[in-house]
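J.: Would you mind keeping the following structure in view while I ask a few things?
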Amino acid sequence: MADSMTTKKALADSLKELMKSEPLEKISIGEICEKCGLNRKSFYYHFEDKYDLVNWIFDTEFLSVAAIKSYSNKWEGIEELCRYLYLNKCFYKKAIKVNEHNSFTNHLKAIIKPLIKLRLEETMKGNEVTKFQLNFYTDAFIFTIARWLLDPNLLPYDEFLEELKSCIYMTAAQTVKEFENT
């Protein structure tokens, strides 16, 4: 297990270093392996492709830590996500630009979607959340995160979070008002 983690960490460090100077799409598995002195067989033993490696980095550095925390309110997890992405913006700016089948964007969407569904169900007070609604809010969240990260005038994460909160609260208040009036 320790050797497996050591290998994965070496590959992750190699990819992070390469992404400081190259876009993710232009980095090959061979370059990742060469940088850390491992062979392609080692890479493919642990990861499906370089996008799987990006997702592993996110899962290891953020998700595994967030999963063991208990949050006192709905926003703490989102705040931690925004802080993490902001602190690692050079890496995630490049990762979020890619939209392949196994990309970070799709990975993040799969993680966020069930959380958004829970929030929508709470907001809609027992009314059914449609597939369209769930996809709409999930896509809006992912697109907003991507737009924020890719903005040349990137807001600090706390300012971005305040903007996000104000938009969500306005939308939620309007949704509840509409359901109460029907």
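In the structure tokens, chains take letters A, B, ... by order of appearance, with residues numbered from 1 within each chain and ligands from 1 in the order shown.
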Which neighbours of region 42-49 of chain A fall inside 8 Å, counting only C-alpha atoms, when residues of the same chain fewer than 6 positions from it are skipped, and could you give them as a list of chain:residue names?

T.: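 These residues fall inside the cut-off: A:Ser4, A:Thr7, A:Lys8, A:Leu11, A:Ile29, A:Cys33.
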
J.: To test your reading of the structure, identify every residue in chain A that backbone DSSP assigns to helix (DSSP H, G or I), and report it as a PyMOL selection string.

T.: chain A and resi 2-19+24-26+29-36+40-46+50-67+74-87+89-96+104-123+131-150+157-180

J.: Quick one: everything within 6 Å of Ser14 (chain A), counting only C-alpha atoms, minus sequence neighbours fewer than 3 positions away in the same chain. Send it as a ChimeraX atom specification.

T.: /A:11,17,32,35-36

J.: Those same residues, written as a short mmCIF file (atom, residue, chain, number, x, y, z; two decimals), in the first residue's frame with C-alpha atoms?

T.:
```cif
data_model
loop_
_atom_site.label_atom_id
_atom_site.label_comp_id
_atom_site.auth_asym_id
_atom_site.auth_seq_id
_atom_site.Cartn_x
_atom_site.Cartn_y
_atom_site.Cartn_z
CA LEU A 11 3.07 10.67 -10.68
CA GLU A 17 5.20 20.23 -12.11
CA ILE A 32 4.68 12.38 -16.71
CA LYS A 35 9.69 13.36 -15.08
CA CYS A 36 9.39 11.05 -12.06
#
```

J.: Which residue is closest to Lys113 (chain A)? Choose from A:Ser28, A:Asn73, A:Gln133, A:Thr138 and count only C-alpha atoms.

T.: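 Smallest separation from Lys113 (chain A) among the options: A:Thr138.
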
J.: Grab the CA of Thr105 (chain A) to CA of Ile142 (chain A) distance for me, in Å with one decimal place.

T.: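 Separation of CA of Thr105 (chain A) and CA of Ile142 (chain A): 7.3 Å.
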
J.: Suppose you want the space between CA of Lys93 (chain A) and CA of Tyr51 (chain A); what is it in Å?

T.: 13.8 Å

J.: So, with only C-alpha atoms as the atoms that count, which of A:Leu15, A:Ala67, A:Ala146, A:Leu53 lies closest to Lys109 (chain A)?

T.: A:Ala146

J.: Find the spatial neighbours of Phe91 (chain A), counting only C-alpha atoms, within a cut-off of 12 Å - ignore same-chain residues fewer than 2 positions away - and output them as a PyMOL selection string.

T.: chain A and resi 12-13+15-24+54-55+57-58+84-89+93-98+104+149-150

J.: For His101 (chain A), which residue among A:Glu80, A:Glu121, A:Asp52, A:Glu128 is the nearest when counting only C-alpha atoms?

T.: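 That would be A:Asp52, the residue with the smallest distance to His101 (chain A).
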
J.: Under the rule that only C-alpha atoms are counted, which of A:Cys167, A:Asn153, A:Gly30, A:Phe143 is the nearest residue to Asn106 (chain A)?

T.: A:Phe143

J.: For a quick check of understanding, using only C-alpha atoms, which of A:Asp151, A:Asp158, A:Glu34, A:Glu122 has the smallest distance to Glu76 (chain A)?

T.: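 With only C-alpha atoms as the atom set, the closest residue is A:Asp158.
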
J.: May I ask which of the residues A:Ile78, A:Met170, A:Ile145, A:Cys90 is the closest one to Leu115 (chain A), counting only C-alpha atoms?

T.: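 That would be A:Ile78, the residue with the smallest distance to Leu115 (chain A).
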